[in-house]
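Shown below: run_31.txt, with compact mmCIF, C-alpha atoms.
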```
# COMPACT_ATOMS: atom_id res chain seq x y z
CA MET A 6 -56.71 10.41 88.37
CA SER A 7 -55.99 7.66 85.92
CA SER A 8 -54.18 8.36 82.67
CA ARG A 9 -57.33 7.51 80.74
CA THR A 10 -59.42 10.11 82.56
CA PHE A 11 -56.63 12.63 82.03
CA ALA A 12 -56.49 11.87 78.31
CA SER A 13 -60.25 12.26 77.87
CA LEU A 14 -60.16 15.52 79.84
CA VAL A 15 -57.44 16.90 77.55
CA PHE A 16 -59.38 15.72 74.49
CA THR A 17 -62.61 17.38 75.70
CA LEU A 18 -60.77 20.64 76.45
CA GLY A 19 -59.14 20.63 73.01
CA LEU A 20 -62.45 19.93 71.26
CA GLY A 21 -64.09 22.74 73.24
CA LEU A 22 -61.33 25.15 72.24
CA ILE A 23 -61.69 24.25 68.56
CA LEU A 24 -65.48 24.67 68.68
CA ALA A 25 -65.13 27.98 70.55
CA SER A 26 -62.71 29.33 67.95
CA VAL A 27 -65.12 28.29 65.18
CA MET A 28 -68.00 29.99 67.02
CA GLN A 29 -65.96 33.22 67.12
CA GLY A 30 -66.03 33.45 63.34
CA LEU A 31 -69.73 32.69 62.89
CA PRO A 32 -72.02 35.68 62.31
CA LEU A 33 -74.74 34.50 64.70
CA GLY A 34 -78.12 36.15 64.40
CA GLY A 35 -77.42 37.56 60.96
CA ALA A 36 -78.50 36.17 57.62
CA PRO A 37 -75.30 35.41 55.70
CA MET A 38 -77.06 33.00 53.31
CA GLN A 39 -77.85 34.93 50.16
CA VAL A 40 -78.80 31.72 48.36
CA GLY A 41 -81.62 31.12 50.86
CA GLN A 42 -83.03 34.62 50.44
CA ALA A 43 -82.88 34.34 46.67
CA ILE A 44 -84.71 30.99 46.73
CA VAL A 45 -87.42 32.32 49.06
CA ALA A 46 -87.88 35.31 46.77
CA GLN A 47 -88.20 33.49 43.45
CA ALA A 48 -89.28 29.90 44.23
CA PRO A 49 -93.09 30.44 44.09
CA GLU A 50 -92.90 31.89 40.57
CA ALA A 51 -90.03 29.84 39.16
CA VAL A 52 -91.08 26.39 40.45
CA GLY A 53 -94.73 26.94 41.38
CA THR A 54 -94.73 25.32 44.83
CA ALA A 55 -96.64 26.91 47.68
CA ASN A 56 -94.35 24.98 50.05
CA ILE A 57 -90.90 26.43 49.45
CA VAL A 58 -89.17 23.55 51.23
CA THR A 59 -90.42 21.22 48.49
CA SER A 60 -89.00 23.46 45.76
CA VAL A 61 -85.60 23.17 47.44
CA VAL A 62 -85.82 19.42 48.10
CA LEU A 63 -87.01 18.39 44.63
CA ALA A 64 -86.11 21.19 42.22
CA TYR A 65 -83.05 23.13 43.38
CA ARG A 66 -81.48 20.17 45.21
CA GLY A 67 -83.13 17.23 43.45
CA LEU A 68 -79.81 15.46 42.99
CA ASP A 69 -79.25 15.51 46.77
CA THR A 70 -82.65 13.86 47.23
CA LEU A 71 -81.62 11.14 44.78
CA GLY A 72 -78.48 10.63 46.88
CA GLU A 73 -80.62 10.43 50.02
CA LEU A 74 -82.82 7.78 48.40
CA THR A 75 -79.70 5.83 47.42
CA ILE A 76 -78.41 5.94 51.00
CA LEU A 77 -81.79 4.76 52.31
CA PHE A 78 -81.84 1.95 49.73
CA ALA A 79 -78.33 0.82 50.69
CA ALA A 80 -79.19 0.95 54.40
CA ALA A 81 -82.43 -1.03 53.97
CA THR A 82 -80.67 -3.60 51.76
CA ALA A 83 -77.86 -4.04 54.27
CA GLY A 84 -80.39 -4.35 57.10
CA GLY A 85 -82.32 -7.00 55.20
CA LEU A 86 -79.09 -8.85 54.41
CA VAL A 87 -78.00 -8.94 58.06
CA LEU A 88 -81.45 -9.87 59.35
CA SER A 89 -82.35 -12.54 56.81
CA GLY A 90 -79.92 -15.10 58.19
CA ARG A 91 -81.54 -15.98 61.49
CA ARG A 92 -85.17 -16.06 62.52
CA PRO A 93 -85.89 -15.20 66.15
CA SER A 94 -86.49 -18.50 67.88
CA HIS A 95 -88.27 -17.06 70.88
CA ALA A 96 -90.74 -14.93 68.96
CA THR A 97 -94.06 -15.80 70.44
CA GLN A 98 -96.18 -14.78 67.42
CA SER A 99 -99.22 -14.83 69.66
CA GLN A 100 -102.40 -12.88 68.98
CA ALA A 101 -102.66 -9.49 70.58
CA GLY A 102 -105.57 -8.48 72.79
CA PHE A 103 -109.01 -7.59 71.46
CA ILE A 104 -108.59 -3.83 71.91
CA LEU A 105 -105.25 -3.71 70.05
CA ARG A 106 -106.59 -5.89 67.21
CA THR A 107 -109.74 -3.79 66.72
CA GLY A 108 -107.84 -0.52 67.09
CA ALA A 109 -105.25 -1.60 64.53
CA GLY A 110 -107.94 -2.54 62.01
CA LEU A 111 -109.64 0.79 62.61
CA LEU A 112 -106.44 2.81 62.32
CA PHE A 113 -105.21 1.22 59.08
CA PRO A 114 -107.39 3.10 56.52
CA PHE A 115 -107.01 6.42 58.33
CA LEU A 116 -103.21 6.12 58.49
CA LEU A 117 -103.13 5.16 54.80
CA ALA A 118 -105.28 8.17 53.88
CA LEU A 119 -103.14 10.51 56.00
CA GLY A 120 -99.94 9.22 54.41
CA ALA A 121 -101.38 9.60 50.88
CA TYR A 122 -102.62 13.11 51.72
CA ILE A 123 -99.22 14.21 53.02
CA ILE A 124 -97.46 12.83 49.93
CA LEU A 125 -99.92 14.30 47.40
CA HIS A 126 -99.99 17.72 49.08
CA GLY A 127 -96.22 17.83 49.58
CA HIS A 128 -95.90 20.81 47.23
CA LEU A 129 -98.71 22.75 48.96
CA THR A 130 -98.53 22.04 52.70
CA PRO A 131 -95.75 20.89 55.05
CA GLY A 132 -94.70 17.31 54.57
CA GLY A 133 -93.90 15.28 51.51
CA GLY A 134 -92.62 11.96 50.31
CA PHE A 135 -90.36 11.09 53.23
CA GLN A 136 -92.85 11.92 55.99
CA GLY A 137 -95.84 10.42 54.16
CA GLY A 138 -93.83 7.32 53.30
CA ALA A 139 -92.97 6.79 56.95
CA ILE A 140 -96.66 7.09 57.86
CA ILE A 141 -97.64 4.59 55.14
CA ALA A 142 -95.01 2.16 56.43
CA ALA A 143 -96.50 2.53 59.92
CA ALA A 144 -99.98 1.96 58.47
CA PHE A 145 -98.91 -1.39 57.04
CA PHE A 146 -96.99 -2.36 60.13
CA VAL A 147 -99.70 -1.71 62.77
CA PRO A 148 -102.05 -4.53 61.61
CA LEU A 149 -99.07 -6.91 61.38
CA LEU A 150 -98.17 -6.09 64.95
CA SER A 151 -101.61 -7.03 66.23
CA ARG A 152 -102.04 -10.08 63.95
CA PRO A 153 -98.65 -11.64 63.20
CA GLU A 154 -100.16 -14.16 60.79
CA SER A 155 -101.78 -11.56 58.51
CA PRO A 156 -100.16 -11.51 55.06
CA PHE A 157 -97.50 -9.08 53.95
CA ASN A 158 -96.10 -9.77 50.51
CA GLU A 159 -92.41 -8.85 50.60
CA ALA A 160 -92.02 -9.55 46.88
CA VAL A 161 -94.68 -6.96 46.01
CA ALA A 162 -93.07 -4.46 48.40
CA SER A 163 -89.66 -4.85 46.76
CA VAL A 164 -91.20 -4.52 43.27
CA ILE A 165 -92.94 -1.27 44.33
CA GLU A 166 -89.68 -0.03 45.84
CA GLY A 167 -87.67 -0.71 42.70
CA ALA A 168 -90.33 0.69 40.36
CA ALA A 169 -90.64 3.89 42.42
CA GLY A 170 -86.88 4.39 42.46
CA ALA A 171 -86.75 3.84 38.70
CA MET A 172 -89.65 6.32 38.24
CA PHE A 173 -87.67 9.03 40.06
CA ILE A 174 -84.65 8.53 37.80
CA VAL A 175 -86.75 8.26 34.63
CA ILE A 176 -88.47 11.59 35.39
CA GLY A 177 -85.02 13.07 35.90
CA LEU A 178 -83.81 11.67 32.57
CA LEU A 179 -86.92 12.95 30.75
CA SER A 180 -85.85 16.51 31.66
CA LEU A 181 -82.55 15.79 29.90
CA THR A 182 -84.34 14.92 26.65
CA ASN A 183 -86.15 18.28 26.79
CA GLY A 184 -82.85 20.09 26.75
CA GLY A 185 -82.86 20.93 30.45
CA SER A 186 -80.61 19.61 33.19
CA PHE A 187 -81.12 16.41 35.22
CA LEU A 188 -84.27 16.53 37.42
CA GLU A 189 -85.31 19.95 36.13
CA PRO A 190 -89.08 20.36 36.69
CA LEU A 191 -91.24 19.56 33.67
CA LEU A 192 -94.84 20.27 32.64
CA GLY A 193 -94.82 23.97 33.53
CA THR A 194 -95.62 25.48 36.90
CA GLY A 195 -99.41 25.67 36.84
CA GLU A 196 -101.38 27.89 39.18
CA LEU A 197 -99.82 28.44 42.60
CA GLY A 198 -101.70 26.56 45.33
CA GLU A 199 -103.63 24.17 43.08
CA LEU A 200 -103.34 20.41 43.60
CA PHE A 201 -102.22 19.92 40.00
CA SER A 202 -99.43 22.47 39.94
CA ALA A 203 -95.65 22.66 40.23
CA GLY A 204 -95.14 20.46 37.17
CA SER A 205 -93.46 17.11 37.79
CA LEU A 206 -92.65 17.72 41.47
CA PRO A 207 -95.78 15.92 42.81
CA LEU A 208 -94.91 12.92 40.63
CA LEU A 209 -91.40 12.89 42.10
CA TYR A 210 -92.85 13.04 45.61
CA VAL A 211 -95.21 10.14 44.83
CA ALA A 212 -92.17 8.12 43.76
CA VAL A 213 -90.28 9.09 46.92
CA GLY A 214 -93.29 8.25 49.13
CA LEU A 215 -93.87 4.83 47.57
CA LYS A 216 -90.17 3.99 47.79
CA VAL A 217 -89.76 5.09 51.41
CA GLY A 218 -93.02 3.41 52.46
CA ALA A 219 -92.22 0.06 50.83
CA GLU A 220 -88.63 0.14 52.08
CA LEU A 221 -89.45 0.96 55.71
CA ALA A 222 -92.38 -1.46 55.86
CA GLY A 223 -90.20 -4.24 54.45
CA LEU A 224 -87.43 -3.48 56.92
CA LEU A 225 -89.78 -3.43 59.92
CA VAL A 226 -91.49 -6.66 58.86
CA HIS A 227 -88.08 -8.27 58.38
CA LEU A 228 -86.87 -7.10 61.78
CA GLY A 229 -90.02 -8.32 63.50
CA GLY A 230 -89.79 -11.73 61.83
CA LEU A 231 -93.39 -11.26 60.68
CA GLY A 232 -95.20 -11.69 57.41
CA GLU A 233 -94.99 -14.56 54.97
CA ALA A 234 -91.56 -15.80 55.89
CA GLY A 235 -92.10 -15.39 59.65
CA MET B 3 -95.51 30.91 72.25
CA ILE B 4 -92.53 31.23 74.56
CA TRP B 5 -94.40 29.19 77.19
CA ILE B 6 -95.06 26.34 74.77
CA ALA B 7 -91.37 26.33 73.84
CA LEU B 8 -90.31 26.36 77.50
CA ILE B 9 -92.73 23.58 78.44
CA SER B 10 -91.62 21.35 75.56
CA ALA B 11 -87.97 22.01 76.40
CA ALA B 12 -88.67 21.03 80.03
CA VAL B 13 -90.49 17.88 78.89
CA MET B 14 -87.55 17.02 76.62
CA LEU B 15 -85.03 17.46 79.42
CA GLY B 16 -87.11 15.42 81.86
CA ALA B 17 -87.64 12.62 79.34
CA ALA B 18 -83.95 12.64 78.38
CA ILE B 19 -82.95 12.24 82.02
CA ALA B 20 -85.52 9.44 82.32
CA VAL B 21 -83.94 7.66 79.33
CA ILE B 22 -80.56 7.35 81.06
CA THR B 23 -81.89 6.67 84.57
CA LEU B 24 -84.66 4.12 83.88
CA ARG B 25 -83.54 0.52 84.38
CA ASP B 26 -86.10 -1.09 82.06
CA PHE B 27 -85.15 -0.89 78.37
CA TYR B 28 -88.74 -0.60 77.15
CA SER B 29 -89.50 2.25 79.58
CA ALA B 30 -86.33 4.05 78.44
CA LEU B 31 -87.46 3.56 74.83
CA ALA B 32 -90.87 5.08 75.60
CA ALA B 33 -89.13 8.04 77.26
CA SER B 34 -86.92 8.54 74.20
CA THR B 35 -89.98 8.75 71.95
CA VAL B 36 -91.36 11.40 74.34
CA VAL B 37 -88.16 13.39 73.67
CA SER B 38 -88.87 13.19 69.92
CA LEU B 39 -92.51 14.21 70.33
CA ALA B 40 -91.62 17.25 72.46
CA LEU B 41 -88.91 18.14 69.94
CA SER B 42 -91.47 18.07 67.12
CA VAL B 43 -93.68 20.47 69.13
CA LEU B 44 -90.63 22.73 69.49
CA PHE B 45 -90.06 22.58 65.71
CA VAL B 46 -93.66 23.73 65.14
CA VAL B 47 -93.09 26.66 67.51
CA LEU B 48 -89.92 27.51 65.55
CA ARG B 49 -92.03 27.52 62.34
CA ALA B 50 -90.46 24.45 60.77
CA PRO B 51 -93.53 22.24 60.21
CA ASP B 52 -91.76 20.08 57.61
CA VAL B 53 -89.04 19.13 60.06
CA ALA B 54 -91.66 18.65 62.78
CA LEU B 55 -93.55 16.13 60.63
CA ALA B 56 -90.35 14.25 59.85
CA GLU B 57 -89.36 14.22 63.52
CA ALA B 58 -92.77 12.94 64.62
CA ALA B 59 -93.01 10.27 61.90
CA VAL B 60 -89.42 9.04 61.90
CA GLY B 61 -88.05 10.02 65.32
CA ALA B 62 -91.06 9.08 67.41
CA GLY B 63 -92.71 6.50 65.15
CA VAL B 64 -90.42 4.41 63.00
CA SER B 65 -87.25 4.56 65.10
CA GLY B 66 -89.22 3.70 68.25
CA VAL B 67 -90.69 0.63 66.54
CA LEU B 68 -87.24 -0.24 65.20
CA PHE B 69 -85.73 -0.15 68.69
CA ALA B 70 -88.64 -2.11 70.19
CA LEU B 71 -88.32 -4.86 67.56
CA THR B 72 -84.55 -5.02 68.09
CA LEU B 73 -85.05 -5.38 71.84
CA ARG B 74 -87.55 -8.19 71.25
CA ARG B 75 -85.16 -9.90 68.85
CA LEU B 76 -82.37 -9.72 71.39
CA GLY B 77 -84.70 -11.03 74.06
CA ALA B 78 -83.90 -8.12 76.37
CA LYS B 79 -86.27 -7.55 79.24
CA GLY B 80 -84.25 -4.96 81.15
CA ALA B 81 -80.80 -4.01 82.33
CA ALA B 82 -81.42 -5.52 85.74
CA GLU B 83 -81.39 -9.05 84.31
CA ASP B 84 -78.11 -8.67 82.53
CA GLU B 85 -76.13 -7.55 85.53
```
Show how you would write the structure in this file as structure tokens.
Amino acid sequence: MSSRTFASLVFTLGLGLILASVMQGLPLGGAPMQVGQAIVAQAPEAVGTANIVTSVVLAYRGLDTLGELTILFAAATAGGLVLSGRRPSHATQSQAGFILRTGAGLLFPFLLALGAYIILHGHLTPGGGFQGGAIIAAAFFVPLLSRPESPFNEAVASVIEGAAGAMFIVIGLLSLTNGGSFLEPLLGTGELGELFSAGSLPLLYVAVGLKVGAELAGLLVHLGGLGEAG
Amino acid sequence: MIWIALISAAVMLGAAIAVITLRDFYSALAASTVVSLALSVLFVVLRAPDVALAEAAVGAGVSGVLFALTLRRLGAKGAAEDE
């Protein structure tokens, strides 16, 4: 047995011991989180969202979502920075087959509608800005994959991304002017389960969806060496 | 319900083993998206539809495309060529 194997064995054993001792103190199977129970009990009345997850993501923990968006923005920017230097020389950029081209054209509107639905109904049904944004990014990427020469305007995408990010922060600041705290929901709660309910949360999710969609689509197009610059 | 959970767990395990045993990078990538899809089914069974949607859209969709584009950029056809 080499010294390296021995060292990793000791390390694994030590890590296992630490994790086991932590597991000893965890009340497994119980419900120690009183915050969670309180949120489940009062979220539908206080925030007006039928989907309680959304009330946590955007109302109770809105600041965390802003941090998440910032991380995503930094990651996408760094990715674009690294990838912009060199274009792939071997990229064939050839047309895809007939079935893929037709299928991509057919899928595009349906994917777009699905993404918009998931974003707009984020406060009513499962899903929301992040999931819908990823679907919208896929919707824009599928046609590019089948037809590499089809246009994708990266400038427009980055403008949408910046505007959506600014919209999120501006909505948060507007709550401050009303005497509330940052990102506190505005516009009342409305009737539970209606499309126009839960105050400013749907607007926040629209901002998140646009930002995530534009960011991911731009990153994928960049990575594939497609679009205008490709 | 328990059968759906067991089947998706078995599919996940099988696909995960396929990821590390397959020699072709693109086949391994396809197997890893199968892991994500089965995991999203498991999330639905566990009554976490929000997480399931995120897993299906990001884990199976975007990250799969991201890996595929990276492989194409690197010009990788499979592990067999490199060795």
Sorted by chain and rising residue number, list the residues of chain A at most 7 Å from chain B (counting all atoms listed in the file), each with its closest atom pair and distance in Å to one decimal, as a Markdown table.
```
| residue | atom | partner | partner_atom | distance |
| --- | --- | --- | --- | --- |
| A:Pro93 | CA | B:Arg75 | CA | 6.0 |
| A:Pro131 | CA | B:Asp52 | CA | 4.8 |
| A:Gly132 | CA | B:Asp52 | CA | 5.1 |
| A:Gln136 | CA | B:Ala56 | CA | 5.2 |
| A:Ala139 | CA | B:Ala59 | CA | 6.1 |
| A:Ile140 | CA | B:Ala59 | CA | 6.3 |
| A:Leu225 | CA | B:Leu68 | CA | 6.7 |
| A:Leu228 | CA | B:Leu71 | CA | 6.4 |
| A:Gly229 | CA | B:Leu71 | CA | 5.6 |
```
For this session: Considering only C-alpha atoms, return as a list in words whatever protein or nucleic-acid residues lie within 10 Å of region 162-170 of chain A, sequence-local ones (same chain, fewer than 3 positions apart) excluded.
Result: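 After dropping sequence-adjacent residues, the list is Leu71, Leu74, Thr75, Phe78, Phe157, Asn158, Glu159, Phe173, Ile174, Val175, Leu209, Tyr210, Val211, Ala212, Val213, Gly214, Leu215, Lys216, Val217, Gly218, Ala219, Glu220, Leu221, Ala222 and Gly223 of chain A.
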Please give the centre and size of the box around region 49-62 of chain A (axis-aligned, containing every atom listed in the file, 6 Å added per side), with values in Å to one decimal and written as JSON.
```
{"center_x": -91.1, "center_y": 25.7, "center_z": 45.2, "size_x": 23.0, "size_y": 24.5, "size_z": 24.1}
```
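The space separating CA of Phe135 (chain A) from CA of Tyr28 (chain B) comes to 26.7 Å.
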Exercise. Any idea what the distance is between CA of Met14 (chain B) and CA of Ala40 (chain B)?
Worked result: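 Between CA of Met14 (chain B) and CA of Ala40 (chain B) the gap is 5.8 Å.
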